[in-house]
file coords05.txt (compact mmCIF, C-alpha atoms and all ligand atoms)
# COMPACT_ATOMS: atom_id res chain seq x y z
CA MET A 5 -17.09 5.10 -9.94
CA MET A 6 -18.77 6.38 -6.79
CA GLU A 7 -16.37 8.14 -4.46
CA PRO A 8 -15.23 5.77 -1.71
CA VAL A 9 -16.20 6.38 1.91
CA LEU A 10 -13.04 7.01 3.91
CA THR A 11 -12.70 6.80 7.67
CA ILE A 12 -9.56 8.14 9.30
CA VAL A 13 -8.91 6.28 12.55
CA VAL A 14 -6.94 8.11 15.24
CA PRO A 15 -6.02 6.37 18.51
CA CYS A 16 -5.62 8.89 21.34
CA TYR A 17 -4.24 8.45 24.81
CA ASN A 18 -3.97 11.59 26.95
CA GLU A 19 -3.67 13.80 23.89
CA GLU A 20 -5.55 16.93 25.08
CA GLU A 21 -2.60 19.14 24.22
CA VAL A 22 -2.39 18.21 20.57
CA LEU A 23 -5.95 17.10 19.86
CA PRO A 24 -7.58 20.45 18.98
CA GLU A 25 -4.93 21.00 16.32
CA THR A 26 -5.24 17.43 15.03
CA ILE A 27 -9.02 17.72 14.80
CA ASP A 28 -8.71 20.98 12.84
CA GLN A 29 -6.08 19.75 10.43
CA LEU A 30 -7.73 16.41 9.69
CA GLN A 31 -11.13 18.03 9.17
CA GLU A 32 -9.60 20.59 6.84
CA LEU A 33 -7.98 17.81 4.85
CA LEU A 34 -11.15 15.71 4.74
CA LYS A 35 -13.15 18.66 3.43
CA GLU A 36 -10.57 19.20 0.70
CA LEU A 37 -10.66 15.54 -0.28
CA ILE A 38 -14.45 15.71 -0.52
CA ILE A 39 -14.30 18.83 -2.68
CA GLU A 40 -11.72 17.18 -4.92
CA ALA A 41 -14.18 14.28 -5.29
CA LEU A 42 -11.54 11.85 -4.05
CA VAL A 43 -13.71 10.60 -1.20
CA SER A 44 -17.41 10.50 -0.43
CA LYS A 45 -19.29 13.08 1.64
CA GLN A 46 -20.05 10.28 4.10
CA SER A 47 -16.38 10.10 5.08
CA LYS A 48 -15.52 10.52 8.76
CA ILE A 49 -12.72 10.88 11.24
CA LEU A 50 -13.00 8.40 14.09
CA PHE A 51 -11.10 9.30 17.24
CA VAL A 52 -10.56 6.38 19.60
CA ASP A 53 -10.15 7.42 23.20
CA ASP A 54 -7.97 4.73 24.72
CA GLY A 55 -9.03 5.28 28.32
CA SER A 56 -7.43 8.71 28.63
CA LYS A 57 -7.22 10.33 32.02
CA ASP A 58 -7.29 13.91 30.73
CA ARG A 59 -9.87 15.90 28.71
CA THR A 60 -9.33 13.88 25.51
CA TRP A 61 -12.84 12.39 25.42
CA GLU A 62 -14.45 15.70 26.28
CA LEU A 63 -12.74 17.29 23.27
CA ILE A 64 -13.80 14.47 20.95
CA TYR A 65 -17.35 14.48 22.27
CA LYS A 66 -17.81 18.24 21.94
CA GLU A 67 -16.41 18.28 18.42
CA GLY A 68 -18.72 15.41 17.54
CA LEU A 69 -21.72 17.53 18.51
CA ARG A 70 -20.53 20.34 16.26
CA SER A 71 -19.10 18.59 13.25
CA GLU A 72 -20.64 16.15 10.82
CA TYR A 73 -17.23 14.62 10.18
CA VAL A 74 -16.01 13.85 13.68
CA ARG A 75 -16.96 10.68 15.49
CA GLY A 76 -15.67 9.13 18.68
CA LEU A 77 -15.15 5.71 20.15
CA LYS A 78 -14.53 5.60 23.87
CA LEU A 79 -12.91 2.47 25.21
CA SER A 80 -13.72 1.42 28.73
CA ARG A 81 -10.06 1.51 29.78
CA ASN A 82 -6.54 1.87 28.40
CA VAL A 83 -5.67 -1.12 26.19
CA GLY A 84 -2.61 0.22 24.40
CA HIS A 85 -2.02 1.70 20.97
CA GLN A 86 -2.34 -1.54 18.95
CA ASN A 87 -5.64 -2.62 20.47
CA ALA A 88 -7.09 0.88 20.35
CA LEU A 89 -6.21 1.00 16.69
CA LEU A 90 -7.93 -2.33 16.08
CA ALA A 91 -11.03 -1.13 17.92
CA GLY A 92 -11.13 1.85 15.57
CA LEU A 93 -10.49 -0.16 12.41
CA PHE A 94 -13.09 -2.82 13.16
CA THR A 95 -15.69 -0.22 14.08
CA ALA A 96 -14.91 1.96 11.07
CA LYS A 97 -14.93 -0.75 8.43
CA GLU A 98 -18.69 -1.29 8.78
CA ARG A 99 -19.42 1.98 7.01
CA SER A 100 -16.25 2.57 5.04
CA ASP A 101 -14.73 1.50 1.75
CA CYS A 102 -11.27 2.25 3.07
CA VAL A 103 -9.69 3.27 6.37
CA VAL A 104 -6.54 5.22 7.13
CA SER A 105 -4.87 4.89 10.53
CA ILE A 106 -2.74 7.72 11.87
CA ASP A 107 -1.36 8.80 15.25
CA ALA A 108 -2.88 11.78 17.04
CA ASP A 109 0.40 13.67 17.41
CA LEU A 110 0.72 14.91 13.79
CA GLN A 111 4.16 13.32 13.43
CA ASP A 112 3.01 11.71 10.21
CA ASP A 113 2.43 14.07 7.32
CA ILE A 114 -1.34 14.11 6.87
CA MET A 115 -1.01 15.37 3.29
CA VAL A 116 0.16 11.87 2.39
CA ILE A 117 -3.40 10.66 2.96
CA ARG A 118 -4.31 12.20 -0.39
CA GLU A 119 -1.69 9.99 -2.06
CA PHE A 120 -3.05 6.99 -0.18
CA ILE A 121 -6.49 7.66 -1.65
CA ILE A 122 -5.10 8.10 -5.15
CA LYS A 123 -3.39 4.71 -4.82
CA PHE A 124 -6.65 3.24 -3.55
CA HIS A 125 -8.40 4.55 -6.67
CA ALA A 126 -5.66 2.87 -8.68
CA GLY A 127 -6.61 -0.46 -7.16
CA TYR A 128 -4.23 -0.88 -4.24
CA GLU A 129 -5.82 -2.38 -1.14
CA ILE A 130 -3.04 -1.67 1.33
CA VAL A 131 -0.85 1.42 1.18
CA TYR A 132 2.00 1.82 3.67
CA GLY A 133 3.30 5.21 4.76
CA VAL A 134 7.07 4.94 5.02
CA ARG A 135 9.33 7.47 6.72
CA LYS A 136 12.16 8.81 4.58
CA GLY A 137 14.39 9.55 7.52
CA ARG A 138 14.24 9.77 11.25
CA ASP A 139 15.99 13.11 11.67
CA THR A 140 13.43 14.38 14.15
CA ASP A 141 13.60 11.35 16.43
CA THR A 142 16.18 11.27 19.19
CA VAL A 143 19.39 9.38 18.42
CA PHE A 144 18.32 6.81 20.98
CA LYS A 145 14.88 6.20 19.49
CA ARG A 146 16.36 6.01 16.00
CA GLY A 147 19.03 3.54 17.08
CA THR A 148 16.70 1.25 18.96
CA ALA A 149 14.13 1.29 16.16
CA GLN A 150 16.77 0.47 13.55
CA ALA A 151 18.09 -2.37 15.69
CA PHE A 152 14.55 -3.69 16.05
CA TYR A 153 14.02 -3.89 12.29
CA LYS A 154 17.38 -5.62 11.86
CA VAL A 155 16.63 -8.22 14.53
CA MET A 156 13.17 -8.88 13.11
CA LYS A 157 14.64 -9.34 9.66
CA LYS A 158 17.20 -11.82 10.99
CA LEU A 159 14.39 -13.73 12.65
CA GLY A 160 12.58 -13.95 9.35
CA VAL A 161 9.70 -11.58 10.06
CA ASP A 162 8.67 -9.59 7.03
CA LEU A 163 8.24 -5.96 8.12
CA VAL A 164 7.96 -2.88 5.94
CA TYR A 165 11.08 -0.93 6.84
CA ASN A 166 10.44 2.37 8.67
CA HIS A 167 6.71 1.93 8.48
CA ALA A 168 4.73 2.63 11.64
CA ASP A 169 0.98 2.29 11.78
CA PHE A 170 0.28 5.00 9.21
CA ARG A 171 -1.45 3.16 6.39
CA LEU A 172 -4.54 2.78 4.25
CA MET A 173 -6.47 -0.46 4.16
CA SER A 174 -9.47 -1.42 2.07
CA LYS A 175 -12.61 -2.66 3.76
CA ARG A 176 -11.82 -6.14 2.52
CA ALA A 177 -8.32 -6.06 4.01
CA VAL A 178 -9.67 -5.01 7.42
CA GLU A 179 -12.25 -7.78 7.25
CA GLU A 180 -9.51 -10.32 6.63
CA LEU A 181 -7.45 -8.78 9.43
CA GLU A 182 -10.37 -9.40 11.76
CA ARG A 183 -10.01 -13.13 11.15
CA PHE A 184 -6.61 -13.09 12.85
CA THR A 185 -8.04 -13.80 16.24
CA GLU A 186 -4.74 -14.07 18.11
CA VAL A 187 -4.46 -11.92 21.18
CA ASN A 188 -0.82 -10.92 20.70
CA LEU A 189 -1.60 -9.12 17.50
CA PHE A 190 1.46 -7.33 16.14
CA LEU A 191 -0.10 -5.30 13.35
CA ARG A 192 3.06 -4.38 11.48
CA GLY A 193 3.88 -8.04 11.10
CA ILE A 194 0.35 -9.20 10.32
CA VAL A 195 -0.69 -6.69 7.68
CA PRO A 196 1.98 -7.82 5.14
CA LEU A 197 0.72 -11.38 5.66
CA LEU A 198 -2.68 -10.36 4.30
CA GLY A 199 -1.30 -10.22 0.80
CA PHE A 200 -3.45 -8.11 -1.58
CA ARG A 201 -2.05 -5.49 -3.91
CA SER A 202 -0.01 -3.07 -1.85
CA ASP A 203 2.26 -0.11 -2.34
CA VAL A 204 4.27 2.37 -0.27
CA VAL A 205 4.26 6.17 -0.09
CA TYR A 206 7.29 7.99 1.32
CA TYR A 207 7.07 11.01 3.59
CA ASP A 208 9.11 13.05 6.04
CA ARG A 209 8.51 12.29 9.69
CA LEU A 210 7.89 15.47 11.65
CA GLU A 211 8.32 16.42 15.27
CA ARG A 212 5.51 15.59 17.70
CA HIS A 213 3.22 18.61 17.43
CA ALA A 214 2.50 18.87 21.17
CA GLY A 215 2.45 16.72 24.27
CA VAL A 216 4.92 14.01 25.13
CA THR A 217 5.46 10.51 23.80
CA LYS A 218 3.16 7.84 25.23
CA TYR A 219 5.84 5.27 24.48
CA PRO A 220 8.44 5.42 27.23
CA LEU A 221 11.39 3.01 27.06
CA LYS A 222 9.64 0.37 29.10
CA LYS A 223 6.65 0.21 26.75
CA MET A 224 8.95 0.30 23.73
CA LEU A 225 10.94 -2.68 24.95
CA ALA A 226 7.78 -4.58 25.77
CA PHE A 227 6.45 -3.82 22.30
CA ALA A 228 9.64 -5.03 20.61
CA PHE A 229 9.81 -8.18 22.73
CA ASP A 230 6.16 -8.98 22.00
CA GLY A 231 6.78 -8.41 18.33
CA ILE A 232 9.66 -10.86 18.31
CA THR A 233 8.13 -13.61 20.42
CA SER A 234 4.70 -13.48 18.81
CA PHE A 235 6.20 -13.98 15.38
CA SER A 236 9.12 -16.27 15.59
CA ILE A 237 10.36 -19.33 17.39
CA SER A 238 14.00 -18.51 16.60
CA PRO A 239 14.79 -17.59 20.22
CA ILE A 240 13.71 -21.07 21.34
CA ARG A 241 15.79 -22.64 18.60
CA PHE A 242 18.76 -20.56 19.69
CA VAL A 243 18.42 -21.88 23.24
CA LEU A 244 18.23 -25.39 21.89
CA ILE A 245 21.43 -24.98 19.89
CA THR A 246 23.22 -23.40 22.85
CA GLY A 247 22.08 -26.37 24.89
CA PHE A 248 23.60 -28.80 22.40
CA VAL A 249 26.86 -26.87 22.22
CA SER A 250 27.24 -26.76 25.99
CA PHE A 251 26.41 -30.47 26.21
CA PHE A 252 29.14 -31.28 23.69
CA MET A 253 31.59 -29.01 25.52
CA SER A 254 30.87 -30.70 28.82
CA LEU A 255 31.66 -34.10 27.24
CA VAL A 256 35.02 -32.81 26.00
CA PHE A 257 35.86 -31.18 29.32
CA GLY A 258 34.58 -34.22 31.18
CA GLY A 259 37.08 -36.39 29.31
CA TYR A 260 39.84 -33.91 30.05
CA PHE A 261 39.05 -33.77 33.77
CA LEU A 262 38.90 -37.58 33.93
CA ALA A 263 42.33 -37.76 32.33
CA LEU A 264 43.59 -35.24 34.90
CA LYS A 265 42.13 -37.32 37.73
CA PHE A 266 43.98 -40.46 36.66
CA PHE A 267 47.24 -38.98 35.45
CA GLY A 268 47.66 -35.72 37.38
CA ASN A 269 46.65 -33.59 40.28
CA THR A 270 42.90 -33.16 40.85
CA GLU A 271 43.09 -30.34 43.40
CA THR A 272 42.72 -27.74 40.67
CA GLY A 273 39.41 -29.24 39.48
CA TRP A 274 37.28 -27.32 41.93
CA THR A 275 37.41 -24.05 39.97
CA SER A 276 36.19 -25.56 36.75
CA LEU A 277 33.55 -27.51 38.62
CA ILE A 278 32.05 -24.49 40.29
CA THR A 279 32.17 -22.47 37.08
CA SER A 280 30.38 -25.12 35.12
CA ILE A 281 27.67 -25.39 37.77
CA TRP A 282 27.03 -21.70 37.37
CA LEU A 283 27.23 -21.92 33.61
CA ILE A 284 24.80 -24.79 33.29
CA GLY A 285 22.51 -23.28 35.90
CA GLY A 286 22.42 -20.04 33.96
CA LEU A 287 21.74 -21.76 30.68
CA GLN A 288 18.91 -23.73 32.20
CA LEU A 289 17.36 -20.62 33.64
CA ILE A 290 17.49 -18.86 30.31
CA ALA A 291 15.92 -21.82 28.59
CA ILE A 292 13.16 -22.17 31.13
CA GLY A 293 12.52 -18.44 31.06
CA LEU A 294 12.17 -18.39 27.31
CA ILE A 295 9.90 -21.40 27.25
CA GLY A 296 7.87 -19.72 29.96
CA GLU A 297 7.52 -16.71 27.69
CA TYR A 298 5.93 -18.84 24.99
CA VAL A 299 3.80 -20.78 27.42
CA GLY A 300 2.57 -17.45 28.73
CA LYS A 301 1.60 -16.46 25.21
CA ILE A 302 -0.26 -19.73 24.68
CA TYR A 303 -2.03 -19.12 27.96
CA LYS A 304 -3.16 -15.71 26.81
CA GLU A 305 -4.31 -17.04 23.45
CA ALA A 306 -6.17 -19.90 25.06
CA LYS A 307 -8.23 -17.48 27.10
CA GLN A 308 -9.34 -15.57 23.98
CA ARG A 309 -10.11 -12.45 25.94
CA PRO A 310 -11.55 -9.53 24.01
CA LYS A 311 -8.89 -7.07 22.94
CA TYR A 312 -10.94 -4.04 23.89
CA ILE A 313 -14.30 -3.05 25.30
CA VAL A 314 -16.29 -0.18 23.86
CA ASP A 315 -17.90 2.27 26.26
CA ILE A 316 -19.46 4.80 23.89
CA ASP A 317 -19.59 4.46 20.09
CA SER A 318 -20.68 7.59 18.29
CA PHE A 319 -19.63 6.18 14.92
CA ASN A 320 -22.70 4.03 14.68
CA LEU A 321 -24.87 6.28 16.82
CA PRO A 322 -23.91 9.93 16.26
CA ILE A 323 -23.07 11.86 19.40
CA SER A 324 -25.96 14.26 18.81
CA ARG A 325 -28.32 11.30 19.08
CA HIS A 326 -26.50 10.04 22.16
CA HIS A 327 -26.99 13.46 23.58
CA LEU A 328 -30.73 13.43 22.87
CA LEU A 329 -31.02 9.93 24.19
CA ASN A 330 -29.22 10.88 27.38
CA GLN A 331 -31.40 13.96 27.69
CA THR A 332 -34.68 12.04 27.39
CA LEU A 333 -33.49 9.37 29.75
CA GLU A 334 -32.56 12.02 32.25
CA ASP A 335 -35.88 13.77 31.76
CA GLN A 336 -37.57 10.50 32.61
CA GLY A 337 -35.68 10.41 35.86
CA PHE A 338 -33.00 7.90 34.91
CA SER A 339 -29.60 8.67 36.23
CA LEU A 340 -26.84 8.11 33.70
CA ASP A 341 -24.23 8.20 36.39
CA PHE A 342 -23.93 4.57 37.37
CA ARG A 343 -22.41 5.38 40.72
CA LYS A 344 -25.56 7.33 41.61
CA VAL A 345 -27.76 4.40 40.61
CA SER A 346 -25.91 2.05 42.89
CA GLU A 347 -26.16 4.59 45.68
CA THR A 348 -29.96 4.80 45.40
CA ASN A 349 -30.09 1.04 45.35
CA LYS A 350 -28.43 0.85 48.71
N1 LIG B 1 -1.63 5.69 22.20
C1 LIG B 1 -2.78 4.98 22.56
N2 LIG B 1 -2.73 4.20 23.70
C2 LIG B 1 -1.60 4.07 24.47
C3 LIG B 1 -0.43 4.77 24.07
C4 LIG B 1 -0.49 5.56 22.92
O1 LIG B 1 -3.81 5.06 21.90
O2 LIG B 1 -1.63 3.37 25.47
C5 LIG B 1 -1.68 6.54 20.97
C6 LIG B 1 -1.17 7.95 21.15
O3 LIG B 1 -2.19 8.80 21.61
C7 LIG B 1 -0.70 8.30 19.75
C8 LIG B 1 -0.22 6.97 19.20
O4 LIG B 1 -0.80 5.96 20.02
O5 LIG B 1 -1.75 8.76 18.94
C9 LIG B 1 1.28 6.83 19.19
O6 LIG B 1 1.81 7.19 20.45
P1 LIG B 1 3.06 8.16 20.60
O7 LIG B 1 3.02 9.23 19.58
O8 LIG B 1 3.11 8.61 22.02
O9 LIG B 1 4.25 7.15 20.29
P2 LIG B 1 5.64 7.49 19.54
O10 LIG B 1 5.29 8.19 18.26
O11 LIG B 1 6.39 8.34 20.47
O12 LIG B 1 6.23 6.13 19.32
MG MG B 2 4.27 9.82 18.03

call {"tool": "encode", "arguments": {"input": "coords05.txt", "output": "structure tokens"}}
result
Amino acid sequence: MMEPVLTIVVPCYNEEEVLPETIDQLQELLKELIIEALVSKQSKILFVDDGSKDRTWELIYKEGLRSEYVRGLKLSRNVGHQNALLAGLFTAKERSDCVVSIDADLQDDIMVIREFIIKFHAGYEIVYGVRKGRDTDTVFKRGTAQAFYKVMKKLGVDLVYNHADFRLMSKRAVEELERFTEVNLFLRGIVPLLGFRSDVVYYDRLERHAGVTKYPLKKMLAFAFDGITSFSISPIRFVLITGFVSFFMSLVFGGYFLALKFFGNTETGWTSLITSIWLIGGLQLIAIGLIGEYVGKIYKEAKQRPKYIVDIDSFNLPISRHHLLNQTLEDQGFSLDFRKVSETNK
């Protein structure tokens, strides 16, 4: 069998602090894999710059000029981890037999990639990296993540426990993934739906090598909420059931209050009346809010907006060629700075 072409896809958002180390380590690993004849010499590392505001792209670009293994994909603006990852996967699959996705912060043990490849040779099309423990995460992060998996499980969404987006996928699997055209794409939920032969590899989660998390609480909550509402209609069903229960209760209480009116003193009724107004009002608001959430999702899907926009793609056109191209264009008097062009047009 010919060695498979591997592309390692790394989404990066403001990762200048950790990136030089990540580039070194991944290149080192890739060279070893090539020497061990586990992957082809054509294998690459594709860094996706998700609209970073720091020197991230500069680092990727410069390394791309130097190294035959490093490629870059620059997105036109920040689209979030999931979409950046998809951009990388869909770009990489064109020239790869398998792709591995990994975060830029070196929290996932890169040595596990070797085991991924060995599994791929053994015929597995999807290999999930699964964390053994979460000792290095803060208590808070660990707790919230655990709760998230539990809730998802209750809602009937099939997730691989303690698996983030560190995984290997075959070209075929990525091609099938591309057919999921929904906009609210929650990868961890979708990939198990692909089927195919899959396996897991366990590893120890490490500390972030440098820099700070790009997932503050607000983004984390949004991510979890999206995950739940894009996969299950249980919340809507829950509202429905609550609605029925409160309707039934109001019938019972209604009868009771009527009995009071005819056989007792009605003065006391005001309290229960005002409470039930608030109660029903609240329930209605919750219901409407939740329905709105789903309607909003339908609205987004209906628009079918692209998930990302590529600015520069050095995977398909190596950076060195970009460089030459830019040089010749500039020699011919073209300005590559679009702001300058518009200024001369004035
Ligand atoms: N990331 C990205 N776009 C974003 C936010 C994050 O591409 O808008 C990348 C980030 O550079 C990193 C990965 O997604 O490679 C995971 O982010 P991070 O490590 O900050 O998340 P955590 O591990 O803390 O959940
Ligand atoms: Mg991280």

call {"tool": "closest_atom_pairs", "arguments": {"input": "coords05.txt", "of": "chain A", "to": "ligand MG 2 (chain B)", "cutoff": "10 Å", "atoms": "only C-alpha atoms and all ligand atoms", "output": "tab-separated table"}}
result
residue	atom	partner	partner_atom	distance
A:Ile106	CA	B:MG2	MG	9.6
A:Asp107	CA	B:MG2	MG	6.4
A:Ala108	CA	B:MG2	MG	7.5
A:Asp109	CA	B:MG2	MG	5.5
A:Leu110	CA	B:MG2	MG	7.5
A:Gln111	CA	B:MG2	MG	5.8
A:Asp112	CA	B:MG2	MG	8.1
A:Asp141	CA	B:MG2	MG	9.6
A:Ala168	CA	B:MG2	MG	9.6
A:Arg209	CA	B:MG2	MG	9.7
A:Leu210	CA	B:MG2	MG	9.3
A:Glu211	CA	B:MG2	MG	8.2
A:Arg212	CA	B:MG2	MG	5.9
A:His213	CA	B:MG2	MG	8.9
A:Ala214	CA	B:MG2	MG	9.7
A:Gly215	CA	B:MG2	MG	9.5
A:Val216	CA	B:MG2	MG	8.3
A:Thr217	CA	B:MG2	MG	5.9
A:Lys218	CA	B:MG2	MG	7.5
A:Tyr219	CA	B:MG2	MG	8.0

call {"tool": "closest_residue", "arguments": {"input": "coords05.txt", "among": "A:Leu33, A:Val103, A:Leu221, A:Ala88", "to": "ligand LIG 1 (chain B)", "atoms": "only C-alpha atoms and all ligand atoms"}}
result
A:Ala88

call {"tool": "axis_aligned_box", "arguments": {"input": "coords05.txt", "around": "ligand LIG 1 (chain B)", "padding_each_side": "3 Å", "output": "lines of an AutoDock Vina configuration file"}}
result
center_x = 1.3
center_y = 6.3
center_z = 21.9
size_x = 16.2
size_y = 11.9
size_z = 13.2

call {"tool": "residues_near_point", "arguments": {"input": "coords05.txt", "point": "(12.8, -22.0, 27.8)", "cutoff": "12 Å", "atoms": "only C-alpha atoms", "output": "ChimeraX atom specification"}}
result
/A:237-244,246-247,286-300

call {"tool": "residues_around", "arguments": {"input": "coords05.txt", "residues": "Glu98 in chain A", "least_positions_apart": "4", "cutoff": "9 Å", "atoms": "all atoms listed in the file", "output": "list in words"}}
result
Phe94, Lys175 and Asn320 of chain A

call {"tool": "write_last_selection", "arguments": {"input": "coords05.txt", "atoms": "C-alpha atoms", "output": "compact mmCIF listing (two decimals), in the coordinates of the input"}}
result
# COMPACT_ATOMS: atom_id res chain seq x y z
CA PHE A 94 -13.09 -2.82 13.16
CA LYS A 175 -12.61 -2.66 3.76
CA ASN A 320 -22.70 4.03 14.68

call {"tool": "closest_residue", "arguments": {"input": "coords05.txt", "among": "A:Asp54, A:Glu7, A:Asp203, A:Glu62", "to": "Arg171 in chain A", "atoms": "all atoms listed in the file"}}
result
A:Asp203

call {"tool": "closest_residue", "arguments": {"input": "coords05.txt", "among": "A:Arg183, A:Lys48, A:Lys35, A:Lys222", "to": "ligand LIG 1 (chain B)", "atoms": "all atoms listed in the file"}}
result
A:Lys222

call {"tool": "residues_near_point", "arguments": {"input": "coords05.txt", "point": "(-10.8, -8.3, 20.2)", "cutoff": "9 Å", "atoms": "all atoms listed in the file", "output": "list in words"}}
result
Asn87, Leu90, Ala91, Glu182, Thr185, Glu186, Val187, Gln308, Arg309, Pro310, Lys311, Tyr312 and Ile313 of chain A

call {"tool": "atom_distance", "arguments": {"input": "coords05.txt", "atom1": "CA of Glu36 in chain A", "atom2": "CA of Thr95 in chain A"}}
result
24.1 Å

call {"tool": "atom_distance", "arguments": {"input": "coords05.txt", "atom1": "CA of Val83 in chain A", "atom2": "CA of Ser174 in chain A"}}
result
24.4 Å

call {"tool": "atom_distance", "arguments": {"input": "coords05.txt", "atom1": "CA of Trp282 in chain A", "atom2": "CA of Leu255 in chain A"}}
result
16.7 Å

call {"tool": "closest_residue", "arguments": {"input": "coords05.txt", "among": "A:Ser56, A:Ser47, A:Thr11, A:Gln31", "to": "ligand LIG 1 (chain B)", "atoms": "all atoms listed in the file"}}
result
A:Ser56

call {"tool": "closest_residue", "arguments": {"input": "coords05.txt", "among": "A:Tyr17, A:Tyr153, A:Phe170, A:Phe266", "to": "Gly231 in chain A", "atoms": "all atoms listed in the file"}}
result
A:Tyr153
